[in-house]
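To be precise, the following lines are input18.cif, and they hold mmCIF, C-alpha atoms and all ligand atoms.
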data_coords
loop_
_atom_site.label_atom_id
_atom_site.label_comp_id
_atom_site.auth_asym_id
_atom_site.auth_seq_id
_atom_site.Cartn_x
_atom_site.Cartn_y
_atom_site.Cartn_z
CA MET F 1231 -48.04 -118.05 17.34
CA THR F 1232 -47.48 -119.02 13.73
CA GLY F 1233 -43.96 -119.22 12.37
CA PRO F 1234 -41.51 -121.36 10.47
CA ALA F 1235 -39.83 -124.46 11.83
CA ASP F 1236 -36.76 -122.51 12.97
CA GLY F 1237 -39.01 -120.36 15.16
CA THR F 1238 -38.20 -117.11 13.40
CA PRO F 1239 -41.40 -115.47 12.21
CA ARG F 1240 -41.36 -113.94 8.74
CA VAL F 1241 -41.56 -110.14 9.02
CA ALA F 1242 -42.79 -107.64 6.42
CA VAL F 1243 -41.79 -104.01 7.05
CA LEU F 1244 -44.21 -101.75 5.18
CA GLY F 1245 -42.41 -98.44 4.53
CA GLY F 1246 -38.64 -98.30 4.36
CA GLY F 1247 -38.05 -94.75 5.57
CA VAL F 1248 -36.17 -93.62 8.67
CA MET F 1249 -38.07 -95.86 11.11
CA GLY F 1250 -38.59 -98.76 8.70
CA GLU F 1251 -34.85 -98.93 8.10
CA ALA F 1252 -34.14 -98.74 11.85
CA LEU F 1253 -36.50 -101.67 12.46
CA LEU F 1254 -35.04 -103.65 9.57
CA SER F 1255 -31.51 -103.11 10.80
CA SER F 1256 -32.44 -104.11 14.35
CA LEU F 1257 -34.21 -107.27 13.18
CA LEU F 1258 -31.05 -108.36 11.39
CA THR F 1259 -28.92 -107.49 14.42
CA ALA F 1260 -31.32 -109.50 16.61
CA GLY F 1261 -30.62 -112.56 14.48
CA TRP F 1262 -33.31 -112.58 11.82
CA ALA F 1263 -31.99 -114.15 8.61
CA THR F 1264 -32.23 -111.91 5.56
CA ASP F 1265 -34.69 -114.32 3.92
CA ARG F 1266 -37.10 -113.93 6.88
CA VAL F 1267 -37.49 -110.15 6.42
CA GLU F 1268 -38.78 -108.07 3.52
CA VAL F 1269 -39.49 -104.39 3.03
CA THR F 1270 -41.94 -102.52 0.84
CA GLU F 1271 -41.33 -99.07 -0.56
CA HIS F 1272 -43.22 -97.28 -3.27
CA ALA F 1273 -40.08 -95.50 -4.53
CA SER F 1274 -38.04 -98.07 -6.46
CA ALA F 1275 -34.71 -96.27 -5.93
CA ARG F 1276 -35.15 -96.49 -2.16
CA ALA F 1277 -36.20 -100.15 -2.44
CA GLU F 1278 -33.01 -100.92 -4.37
CA GLU F 1279 -30.89 -99.00 -1.86
CA LEU F 1280 -32.30 -101.07 1.04
CA ALA F 1281 -31.92 -104.34 -0.88
CA ASP F 1282 -28.27 -103.51 -1.64
CA ARG F 1283 -27.48 -102.38 1.90
CA TYR F 1284 -29.17 -105.21 3.83
CA GLY F 1285 -29.53 -108.06 1.34
CA VAL F 1286 -33.26 -108.41 1.98
CA ARG F 1287 -36.09 -108.77 -0.50
CA THR F 1288 -37.78 -105.46 -1.31
CA GLY F 1289 -40.83 -104.67 -3.39
CA SER F 1290 -43.67 -102.26 -3.86
CA SER F 1291 -46.66 -104.50 -3.08
CA ASN F 1292 -47.77 -104.22 0.54
CA ALA F 1293 -50.38 -106.93 -0.05
CA GLN F 1294 -47.90 -109.49 -1.39
CA ALA F 1295 -45.46 -108.89 1.44
CA ALA F 1296 -48.21 -109.01 4.09
CA GLU F 1297 -49.66 -112.21 2.67
CA ARG F 1298 -46.35 -114.03 3.26
CA ALA F 1299 -45.73 -112.53 6.72
CA ASP F 1300 -46.27 -113.70 10.29
CA VAL F 1301 -45.60 -110.17 11.51
CA VAL F 1302 -46.53 -107.03 9.53
CA LEU F 1303 -44.69 -103.91 10.72
CA VAL F 1304 -46.41 -100.73 9.56
CA ALA F 1305 -43.83 -97.92 9.25
CA VAL F 1306 -45.48 -95.38 6.96
CA LYS F 1307 -46.64 -91.87 7.90
CA PRO F 1308 -49.92 -91.67 9.84
CA ASN F 1309 -51.81 -90.20 6.87
CA VAL F 1310 -50.93 -93.26 4.73
CA VAL F 1311 -51.70 -95.97 7.29
CA GLY F 1312 -55.41 -96.25 6.41
CA ALA F 1313 -54.67 -96.88 2.74
CA VAL F 1314 -51.97 -99.44 3.60
CA LEU F 1315 -54.34 -101.31 5.95
CA ASP F 1316 -56.99 -101.41 3.22
CA GLU F 1317 -54.41 -103.02 0.90
CA VAL F 1318 -53.33 -105.70 3.35
CA ALA F 1319 -56.59 -106.51 5.18
CA PRO F 1320 -58.00 -108.80 2.47
CA VAL F 1321 -54.87 -111.00 2.35
CA LEU F 1322 -53.78 -111.27 6.00
CA ARG F 1323 -53.61 -114.86 7.24
CA ALA F 1324 -55.42 -115.62 10.51
CA GLY F 1325 -53.10 -114.97 13.44
CA THR F 1326 -50.78 -112.58 11.61
CA LEU F 1327 -49.57 -109.97 14.09
CA VAL F 1328 -49.83 -106.35 12.96
CA VAL F 1329 -47.43 -103.92 14.62
CA SER F 1330 -47.49 -100.18 13.94
CA VAL F 1331 -45.06 -97.41 14.83
CA ALA F 1332 -47.31 -94.63 13.51
CA ALA F 1333 -47.77 -91.71 15.90
CA GLY F 1334 -51.22 -90.96 17.24
CA LEU F 1335 -53.37 -93.58 15.50
CA PRO F 1336 -55.34 -95.58 18.08
CA LEU F 1337 -55.41 -99.36 18.22
CA ALA F 1338 -59.17 -99.24 17.53
CA PHE F 1339 -58.41 -97.68 14.13
CA TYR F 1340 -56.39 -100.77 13.11
CA GLU F 1341 -58.83 -103.21 14.66
CA GLY F 1342 -61.70 -101.59 12.78
CA ARG F 1343 -59.98 -102.02 9.42
CA LEU F 1344 -58.36 -105.43 9.83
CA PRO F 1345 -60.10 -108.82 9.92
CA ASP F 1346 -61.92 -109.47 13.18
CA GLY F 1347 -59.59 -110.97 15.77
CA THR F 1348 -56.34 -109.61 14.27
CA PRO F 1349 -53.78 -109.04 17.03
CA VAL F 1350 -52.39 -105.49 16.89
CA VAL F 1351 -49.58 -103.89 18.90
CA ARG F 1352 -48.69 -100.19 18.81
CA VAL F 1353 -45.06 -99.21 19.27
CA MET F 1354 -43.58 -95.77 19.86
CA PRO F 1355 -39.87 -96.14 19.08
CA ASN F 1356 -37.24 -93.43 18.56
CA THR F 1357 -34.33 -92.92 16.19
CA PRO F 1358 -31.47 -93.86 18.56
CA ALA F 1359 -32.75 -97.39 17.86
CA VAL F 1360 -30.36 -97.23 14.89
CA VAL F 1361 -27.41 -97.45 17.30
CA GLY F 1362 -29.09 -99.79 19.78
CA LYS F 1363 -29.77 -96.95 22.23
CA GLY F 1364 -33.44 -96.44 21.50
CA ALA F 1365 -36.39 -96.28 23.87
CA SER F 1366 -39.65 -97.89 22.77
CA ALA F 1367 -43.01 -98.29 24.46
CA ILE F 1368 -45.45 -100.96 23.33
CA ALA F 1369 -49.20 -101.29 23.93
CA ALA F 1370 -51.39 -104.28 23.12
CA GLY F 1371 -54.70 -104.22 21.28
CA ARG F 1372 -57.82 -106.20 22.19
CA HIS F 1373 -56.66 -109.42 20.52
CA ALA F 1374 -52.94 -109.22 21.38
CA ASP F 1375 -51.84 -111.35 24.32
CA ASP F 1376 -48.63 -111.75 26.29
CA ASP F 1377 -47.06 -113.94 23.57
CA HIS F 1378 -47.65 -111.19 20.99
CA LEU F 1379 -46.04 -108.59 23.26
CA ALA F 1380 -43.11 -110.96 23.85
CA LEU F 1381 -42.71 -111.35 20.08
CA VAL F 1382 -42.67 -107.57 19.62
CA GLU F 1383 -40.03 -107.35 22.36
CA ARG F 1384 -38.00 -109.91 20.38
CA VAL F 1385 -38.41 -107.86 17.21
CA LEU F 1386 -37.22 -104.75 19.08
CA ALA F 1387 -34.53 -106.55 21.10
CA ALA F 1388 -31.63 -104.85 19.33
CA THR F 1389 -33.13 -101.35 19.45
CA GLY F 1390 -32.52 -100.66 23.14
CA LEU F 1391 -34.97 -100.18 26.02
CA VAL F 1392 -38.49 -101.59 25.49
CA VAL F 1393 -41.27 -100.96 28.03
CA ARG F 1394 -44.91 -102.05 28.12
CA VAL F 1395 -47.50 -99.32 28.65
CA ALA F 1396 -51.25 -98.83 28.47
CA GLU F 1397 -52.38 -97.24 25.20
CA LYS F 1398 -53.63 -94.13 27.02
CA ASP F 1399 -49.98 -93.27 27.83
CA LEU F 1400 -48.70 -93.36 24.25
CA ASP F 1401 -49.29 -89.65 23.49
CA ALA F 1402 -47.16 -88.77 26.52
CA VAL F 1403 -44.54 -91.36 25.55
CA THR F 1404 -44.43 -89.87 22.04
CA ALA F 1405 -43.81 -86.43 23.59
CA ILE F 1406 -40.94 -87.65 25.78
CA SER F 1407 -39.05 -90.48 24.06
CA GLY F 1408 -40.53 -90.49 20.52
CA SER F 1409 -39.82 -86.83 19.80
CA GLY F 1410 -37.27 -86.49 22.62
CA PRO F 1411 -34.14 -87.17 20.58
CA ALA F 1412 -34.90 -83.93 18.72
CA TYR F 1413 -34.81 -82.00 22.02
CA ALA F 1414 -31.42 -83.53 22.83
CA PHE F 1415 -30.09 -82.72 19.36
CA TYR F 1416 -31.39 -79.17 19.80
CA LEU F 1417 -29.43 -78.89 23.05
CA ILE F 1418 -26.29 -80.38 21.49
CA ASP F 1419 -26.50 -77.95 18.60
CA ALA F 1420 -27.03 -74.99 20.96
CA MET F 1421 -24.04 -76.01 23.10
CA ALA F 1422 -21.84 -76.44 20.05
CA GLU F 1423 -22.91 -73.07 18.66
CA ALA F 1424 -22.15 -71.46 22.03
CA GLY F 1425 -18.69 -73.03 21.93
CA VAL F 1426 -18.06 -71.46 18.54
CA LEU F 1427 -19.27 -68.12 19.88
CA LEU F 1428 -16.70 -68.46 22.68
CA GLY F 1429 -13.90 -69.08 20.17
CA LEU F 1430 -13.66 -72.89 19.80
CA THR F 1431 -13.48 -74.47 16.39
CA ARG F 1432 -16.82 -75.94 15.22
CA ASP F 1433 -15.38 -79.46 15.13
CA LEU F 1434 -14.01 -79.27 18.68
CA ALA F 1435 -17.18 -77.62 20.04
CA SER F 1436 -19.37 -80.31 18.45
CA ARG F 1437 -17.27 -83.19 19.76
CA LEU F 1438 -17.27 -81.72 23.27
CA ALA F 1439 -21.05 -81.12 23.19
CA VAL F 1440 -21.86 -84.65 21.97
CA ALA F 1441 -19.48 -86.33 24.44
CA THR F 1442 -20.86 -84.24 27.31
CA VAL F 1443 -24.51 -85.08 26.62
CA GLU F 1444 -23.63 -88.74 26.04
CA GLY F 1445 -21.59 -88.82 29.26
CA ALA F 1446 -24.29 -87.08 31.31
CA ALA F 1447 -26.92 -89.56 30.05
CA ALA F 1448 -24.65 -92.52 30.85
CA LEU F 1449 -23.93 -91.17 34.34
CA ALA F 1450 -27.65 -90.63 35.01
CA ALA F 1451 -28.42 -94.15 33.79
CA GLN F 1452 -25.61 -95.92 35.64
CA SER F 1453 -25.70 -94.02 38.94
CA GLY F 1454 -29.48 -94.14 39.23
CA GLU F 1455 -29.26 -90.84 41.09
CA HIS F 1456 -31.77 -88.03 40.68
CA PRO F 1457 -30.75 -85.50 38.01
CA VAL F 1458 -30.91 -82.70 40.60
CA VAL F 1459 -28.28 -84.50 42.74
CA LEU F 1460 -26.07 -84.99 39.69
CA ARG F 1461 -26.49 -81.32 38.74
CA GLU F 1462 -25.61 -80.20 42.27
CA ARG F 1463 -22.41 -82.26 42.06
CA VAL F 1464 -21.32 -80.20 39.03
CA SER F 1465 -22.20 -76.93 40.77
CA SER F 1466 -19.45 -75.53 42.99
CA PRO F 1467 -20.64 -72.74 45.31
CA GLY F 1468 -20.09 -69.42 43.58
CA GLY F 1469 -18.74 -71.25 40.55
CA THR F 1470 -19.34 -71.39 36.84
CA THR F 1471 -22.22 -73.91 36.75
CA VAL F 1472 -24.58 -72.06 39.11
CA ALA F 1473 -23.99 -68.95 37.01
CA ALA F 1474 -24.95 -70.91 33.90
CA VAL F 1475 -28.01 -72.65 35.41
CA ALA F 1476 -29.30 -69.30 36.72
CA GLU F 1477 -29.34 -68.13 33.10
CA LEU F 1478 -31.19 -71.30 31.98
CA ASP F 1479 -33.83 -70.50 34.62
CA ALA F 1480 -33.95 -66.83 33.65
CA HIS F 1481 -34.60 -67.90 30.05
CA ALA F 1482 -37.32 -70.32 31.17
CA VAL F 1483 -35.61 -73.29 29.49
CA ARG F 1484 -37.33 -75.75 31.84
CA ALA F 1485 -40.75 -74.25 31.11
CA GLY F 1486 -39.88 -74.36 27.41
CA VAL F 1487 -39.18 -78.11 27.59
CA VAL F 1488 -42.48 -78.71 29.38
CA ALA F 1489 -44.37 -76.63 26.79
CA ALA F 1490 -42.60 -78.49 23.97
CA ALA F 1491 -43.63 -81.88 25.37
CA ARG F 1492 -47.22 -80.71 25.87
CA ALA F 1493 -47.32 -79.54 22.25
CA ALA F 1494 -45.98 -82.88 21.02
CA ALA F 1495 -48.57 -84.86 23.03
CA GLU F 1496 -51.34 -82.61 21.73
CA ARG F 1497 -50.10 -83.07 18.15
CA SER F 1498 -50.07 -86.85 18.67
CA ARG F 1499 -53.74 -86.67 19.75
CA GLN F 1500 -54.52 -84.48 16.72
CA LEU F 1501 -52.85 -86.95 14.32
CA GLY F 1502 -55.01 -89.70 15.77
CA ALA F 1503 -58.19 -87.65 15.34
CA GLN F 1504 -57.21 -86.37 11.88
CA HIS F 1505 -56.09 -89.63 10.26
CA GLY F 1506 -57.63 -92.23 12.52
CA GLY F 1507 -61.28 -91.19 12.45
N1 LIG E 1601 -38.87 -90.69 12.60
C1 LIG E 1601 -39.08 -90.88 13.91
O1 LIG E 1601 -38.32 -90.42 14.78
C2 LIG E 1601 -40.26 -91.68 14.37
C3 LIG E 1601 -41.28 -92.02 13.51
N2 LIG E 1601 -42.35 -92.73 13.97
C4 LIG E 1601 -43.43 -93.09 13.06
O2 LIG E 1601 -42.86 -93.88 12.05
C5 LIG E 1601 -43.61 -93.76 10.86
C6 LIG E 1601 -42.66 -93.51 9.72
O3 LIG E 1601 -41.95 -92.32 9.99
P1 LIG E 1601 -40.56 -92.04 9.28
O4 LIG E 1601 -39.83 -93.32 9.09
O5 LIG E 1601 -39.95 -90.93 10.01
O6 LIG E 1601 -41.09 -91.52 7.86
P2 LIG E 1601 -40.42 -91.68 6.43
O7 LIG E 1601 -41.14 -90.73 5.52
O8 LIG E 1601 -38.95 -91.60 6.54
O9 LIG E 1601 -40.80 -93.19 6.04
C7 LIG E 1601 -42.00 -93.58 5.49
C8 LIG E 1601 -41.64 -94.38 4.27
O10 LIG E 1601 -42.81 -95.03 3.76
C9 LIG E 1601 -42.80 -94.90 2.34
N3 LIG E 1601 -44.17 -95.05 1.86
C10 LIG E 1601 -45.10 -94.07 1.66
N4 LIG E 1601 -46.25 -94.62 1.22
C11 LIG E 1601 -46.04 -95.96 1.16
C12 LIG E 1601 -46.85 -97.06 0.80
N5 LIG E 1601 -48.12 -96.88 0.40
N6 LIG E 1601 -46.32 -98.30 0.86
C13 LIG E 1601 -45.04 -98.49 1.27
N7 LIG E 1601 -44.22 -97.48 1.62
C14 LIG E 1601 -44.72 -96.23 1.58
C15 LIG E 1601 -42.23 -93.52 2.13
O11 LIG E 1601 -41.81 -93.36 0.81
P3 LIG E 1601 -41.84 -91.86 0.15
O12 LIG E 1601 -40.90 -91.04 0.98
O13 LIG E 1601 -41.36 -92.10 -1.23
O14 LIG E 1601 -43.26 -91.39 0.27
C16 LIG E 1601 -41.10 -93.51 3.13
O15 LIG E 1601 -39.94 -94.11 2.61
C17 LIG E 1601 -44.59 -92.61 11.07
O16 LIG E 1601 -45.89 -93.11 11.22
C18 LIG E 1601 -44.10 -91.94 12.35
O17 LIG E 1601 -45.17 -91.42 13.12
C19 LIG E 1601 -42.43 -93.16 15.26
C20 LIG E 1601 -41.46 -92.86 16.13
C21 LIG E 1601 -40.30 -92.07 15.79
O1 LIG E 1602 -42.46 -86.30 14.56
C1 LIG E 1602 -43.19 -87.28 14.49
O2 LIG E 1602 -44.40 -87.18 14.24
C2 LIG E 1602 -42.62 -88.67 14.76
C3 LIG E 1602 -43.29 -89.33 15.91
C4 LIG E 1602 -42.30 -89.28 17.03
C5 LIG E 1602 -41.08 -88.83 16.42
N1 LIG E 1602 -41.23 -88.54 15.16
#

Any chance you could give the structure as structure tokens?
Ligand SMILES: NC(=O)C1=CN([C@@H]2O[C@H](COP(=O)(O)OP(=O)(O)OC[C@H]3O[C@@H](n4cnc5c(N)ncnc54)[C@H](OP(=O)(O)O)[C@@H]3O)[C@@H](O)[C@H]2O)C=CC1
Ligand SMILES: O=C(O)[C@@H]1CCC=N1
Amino acid sequence: MTGPADGTPRVAVLGGGVMGEALLSSLLTAGWATDRVEVTEHASARAEELADRYGVRTGSSNAQAAERADVVLVAVKPNVVGAVLDEVAPVLRAGTLVVSVAAGLPLAFYEGRLPDGTPVVRVMPNTPAVVGKGASAIAAGRHADDDHLALVERVLAATGLVVRVAEKDLDAVTAISGSGPAYAFYLIDAMAEAGVLLGLTRDLASRLAVATVEGAAALAAQSGEHPVVLRERVSSPGGTTVAAVAELDAHAVRAGVVAAARAAAERSRQLGAQHGG
């Protein structure tokens, strides 16, 4: 693995949007010095905002940033990835690791556009990475070895859980953890709205909903018990919870979650076919 004397590879984050900023912030939290990270953005106002907030170099040239980098993190929308790869491919130094968070696009798409032998790793992160509570899955391309995966794990160290998967599983991962925070926010919003309907103030209902979902997730994680067991423990015979869960079943909420995840996985496959062909 190439890298400077201090062992910290130089990273270029291409695309400083929601996910690019999350990765930038986690790199700095993981100990990267500000002069080892740079970000490209084509909107100059956003580039300035990131430079001010994080003290890193920002610019608009993907090629210049990639040329200097040991690790190139692609964090643009799937429909822009092809153009960005065409910009950076001619200047990549041998051994530079390319890492992409784009949904759907297969590793073969990157390998076909980058110099032969370029190591590529796909990552599916999620937005709770911003608070160190993310869940990411990583999959290695043909030329990426264990050291490359270990480096990606180091890059993601401050984002939360990181798991290694086979590429074939990434559409499913995208449907569960990539898009999943939106399902949880949907539930939080619905619970808060219900609280308002029942007469609570919006502020109180929101705080209770957030703390309850956070607490339930922490209990599930720490106890290691099956969610059904944890749900049964909340459900007194003839009590309030069984009455509520019967309504969730009657409204097919479980089937709705399954259908939502299937739709997300299918959309991930479509994005790959649409922009990665
Ligand atoms: N958001 C999420 O929860 C997750 C997103 N992802 C993936 O992350 C990637 C980025 O998504 P997200 O951060 O949400 O999207 P954003 O739109 O927030 O970020 C993309 C950023 O890239 C900038 N950009 C566009 N074209 C270029 C270019 N040619 N060179 C440099 N920068 C450019 C955009 O600027 P401008 O807005 O001015 O066009 C924007 O700031 C996507 O591929 C997505 O699939 C993966 C997992 C989760
Ligand atoms: O909605 C999207 O396409 C991206 C990928 C996973 C989460 N957000």

Worksheet, complete the sentence: Of F:Thr1357, F:Ala1446, F:Leu1337, F:His1456, the one nearest to Lys1398 in chain F when counting all atoms listed in the file is F:Leu1337

Worksheet entry | d(atom C13 of ligand LIG 1601 (chain E), CA of Leu1244 in chain F) in Å |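 Between atom C13 of ligand LIG 1601 (chain E) and CA of Leu1244 in chain F the gap works out to 5.2 Å.
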
Item to complete: Write out as a VMD selection string each polymer residue (protein, DNA or RNA) that has an atom no more than 9 Å from ligand LIG 1601 (chain E), with only C-alpha atoms and all ligand atoms counted.
Response: chain F and resid 1243 to 1252 1269 to 1274 1276 to 1277 1289 to 1292 1304 to 1311 1313 to 1314 1317 1330 to 1335 1353 to 1358 1366 1404 1407 to 1412 1498 1501

How big is the axis-aligned box around all listed atoms of ligand LIG 1602 (chain E) once 8 Å goes on each side, and where's its centre, in Å to one decimal, as lines of an AutoDock Vina configuration file?
center_x = -42.7
center_y = -87.8
center_z = 15.6
size_x = 19.3
size_y = 19.0
size_z = 18.8

Worksheet item: In Å, how far is it from CA of Glu1423 in chain F to CA of Leu1438 in chain F?
Response: 11.3 Å

Worksheet item: How far is it from CA of Ala1281 in chain F to CA of Arg1352 in chain F, in Å with one decimal?
Response: 26.2 Å

Gly1342 in chain F environment, 12 Å, all atoms listed in the file, sequence neighbours closer than 6 positions dropped, as an mmCIF file with C-alpha atoms, in the frame of the given file:
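File result.cif, as written:
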data_model
loop_
_atom_site.group_PDB
_atom_site.id
_atom_site.type_symbol
_atom_site.label_atom_id
_atom_site.label_comp_id
_atom_site.auth_asym_id
_atom_site.auth_seq_id
_atom_site.Cartn_x
_atom_site.Cartn_y
_atom_site.Cartn_z
ATOM 1 C CA GLY F 1312 -55.410 -96.250 6.410
ATOM 2 C CA LEU F 1315 -54.340 -101.310 5.950
ATOM 3 C CA ASP F 1316 -56.990 -101.410 3.220
ATOM 4 C CA ALA F 1319 -56.590 -106.510 5.180
ATOM 5 C CA LEU F 1335 -53.370 -93.580 15.500
ATOM 6 C CA PRO F 1336 -55.340 -95.580 18.080
ATOM 7 C CA THR F 1348 -56.340 -109.610 14.270
ATOM 8 C CA PRO F 1349 -53.780 -109.040 17.030
ATOM 9 C CA VAL F 1350 -52.390 -105.490 16.890
ATOM 10 C CA GLY F 1371 -54.700 -104.220 21.280
ATOM 11 C CA ARG F 1372 -57.820 -106.200 22.190
ATOM 12 C CA GLY F 1506 -57.630 -92.230 12.520
ATOM 13 C CA GLY F 1507 -61.280 -91.190 12.450
#

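Closest approach to ligand LIG 1602 (chain E) among F:Gly1364, F:Ala1374, F:Leu1428, F:Pro1467: F:Gly1364, based on all atoms listed in the file.
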
Item to complete: Go through F:Glu1268, F:Asp1375, F:Glu1496, F:Glu1455 and flag the residue nearest ligand LIG 1602 (chain E), using all atoms listed in the file for the distances.
Response: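 Answer, going by the shortest atom-to-atom distance: F:Glu1496.
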
Worksheet item: Taking all atoms listed in the file into account, which of F:Leu1478, F:Ala1447, F:Ala1260, F:Ala1367 comes nearest ligand LIG 1602 (chain E)?
Response: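 Selected residue with least distance to ligand LIG 1602 (chain E): F:Ala1367.
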
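Minimum atom-to-atom distances from F:Leu1460, F:Val1302, F:Ala1474, F:Leu1449 to Met1421 in chain F were compared using only C-alpha atoms, and the lowest value belongs to F:Ala1474.
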
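Remark: for ligand LIG 1602 (chain E), the closest of the candidate residues F:Ala1405, F:Val1459, F:Val1360, F:Ala1365 is F:Ala1405 (distances computed over all atoms listed in the file).
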
Discussion item. Just want the 12 Å neighbourhood of Tyr1284 in chain F, counted on only C-alpha atoms, with same-chain residues fewer than 4 positions away dropped. Output as a list in words.
Written reply: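 In the requested form, the answer reads Gly1246, Glu1251, Ala1252, Leu1253, Leu1254, Ser1255, Ser1256, Leu1257, Leu1258, Thr1259, Trp1262, Ala1263, Thr1264, Asp1265, Val1267, Glu1268, Val1269, Ala1277, Glu1278, Glu1279, Leu1280 and Thr1288 of chain F.
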
Please output range 1302-1319 of chain F, rebuilt to include N, CA and C atoms, as a tab-separated table (two decimals), keeping the file's coordinate frame.
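Result went into part-v3.tsv, see below:
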chain	number	residue	atom	x	y	z
F	1302	VAL	N	-46.52	-108.17	10.46
F	1302	VAL	CA	-46.53	-107.03	9.53
F	1302	VAL	C	-46.22	-105.78	10.35
F	1303	LEU	N	-45.10	-105.13	10.00
F	1303	LEU	CA	-44.69	-103.91	10.72
F	1303	LEU	C	-45.05	-102.70	9.86
F	1304	VAL	N	-45.97	-101.89	10.33
F	1304	VAL	CA	-46.41	-100.73	9.56
F	1304	VAL	C	-45.53	-99.54	9.94
F	1305	ALA	N	-44.77	-99.02	8.96
F	1305	ALA	CA	-43.83	-97.92	9.25
F	1305	ALA	C	-43.96	-96.81	8.22
F	1306	VAL	N	-45.22	-96.52	7.85
F	1306	VAL	CA	-45.48	-95.38	6.96
F	1306	VAL	C	-46.02	-94.23	7.80
F	1307	LYS	N	-46.14	-93.05	7.19
F	1307	LYS	CA	-46.64	-91.87	7.90
F	1307	LYS	C	-48.11	-92.08	8.29
F	1308	PRO	N	-48.54	-91.46	9.38
F	1308	PRO	CA	-49.92	-91.67	9.84
F	1308	PRO	C	-50.99	-91.45	8.77
F	1309	ASN	N	-50.77	-90.48	7.87
F	1309	ASN	CA	-51.81	-90.20	6.87
F	1309	ASN	C	-51.91	-91.28	5.78
F	1310	VAL	N	-50.94	-92.20	5.74
F	1310	VAL	CA	-50.93	-93.26	4.73
F	1310	VAL	C	-51.39	-94.60	5.33
F	1311	VAL	N	-51.44	-94.67	6.65
F	1311	VAL	CA	-51.70	-95.97	7.29
F	1311	VAL	C	-53.04	-96.56	6.85
F	1312	GLY	N	-54.09	-95.74	6.79
F	1312	GLY	CA	-55.41	-96.25	6.41
F	1312	GLY	C	-55.38	-96.94	5.06
F	1313	ALA	N	-54.74	-96.30	4.08
F	1313	ALA	CA	-54.67	-96.88	2.74
F	1313	ALA	C	-53.88	-98.19	2.75
F	1314	VAL	N	-52.80	-98.23	3.52
F	1314	VAL	CA	-51.97	-99.44	3.60
F	1314	VAL	C	-52.77	-100.58	4.25
F	1315	LEU	N	-53.53	-100.27	5.30
F	1315	LEU	CA	-54.34	-101.31	5.95
F	1315	LEU	C	-55.40	-101.85	4.98
F	1316	ASP	N	-55.98	-100.95	4.18
F	1316	ASP	CA	-56.99	-101.41	3.22
F	1316	ASP	C	-56.38	-102.36	2.18
F	1317	GLU	N	-55.09	-102.13	1.86
F	1317	GLU	CA	-54.41	-103.02	0.90
F	1317	GLU	C	-54.16	-104.40	1.50
F	1318	VAL	N	-53.76	-104.42	2.78
F	1318	VAL	CA	-53.33	-105.70	3.35
F	1318	VAL	C	-54.47	-106.50	3.99
F	1319	ALA	N	-55.52	-105.81	4.44
F	1319	ALA	CA	-56.59	-106.51	5.18
F	1319	ALA	C	-57.15	-107.73	4.45
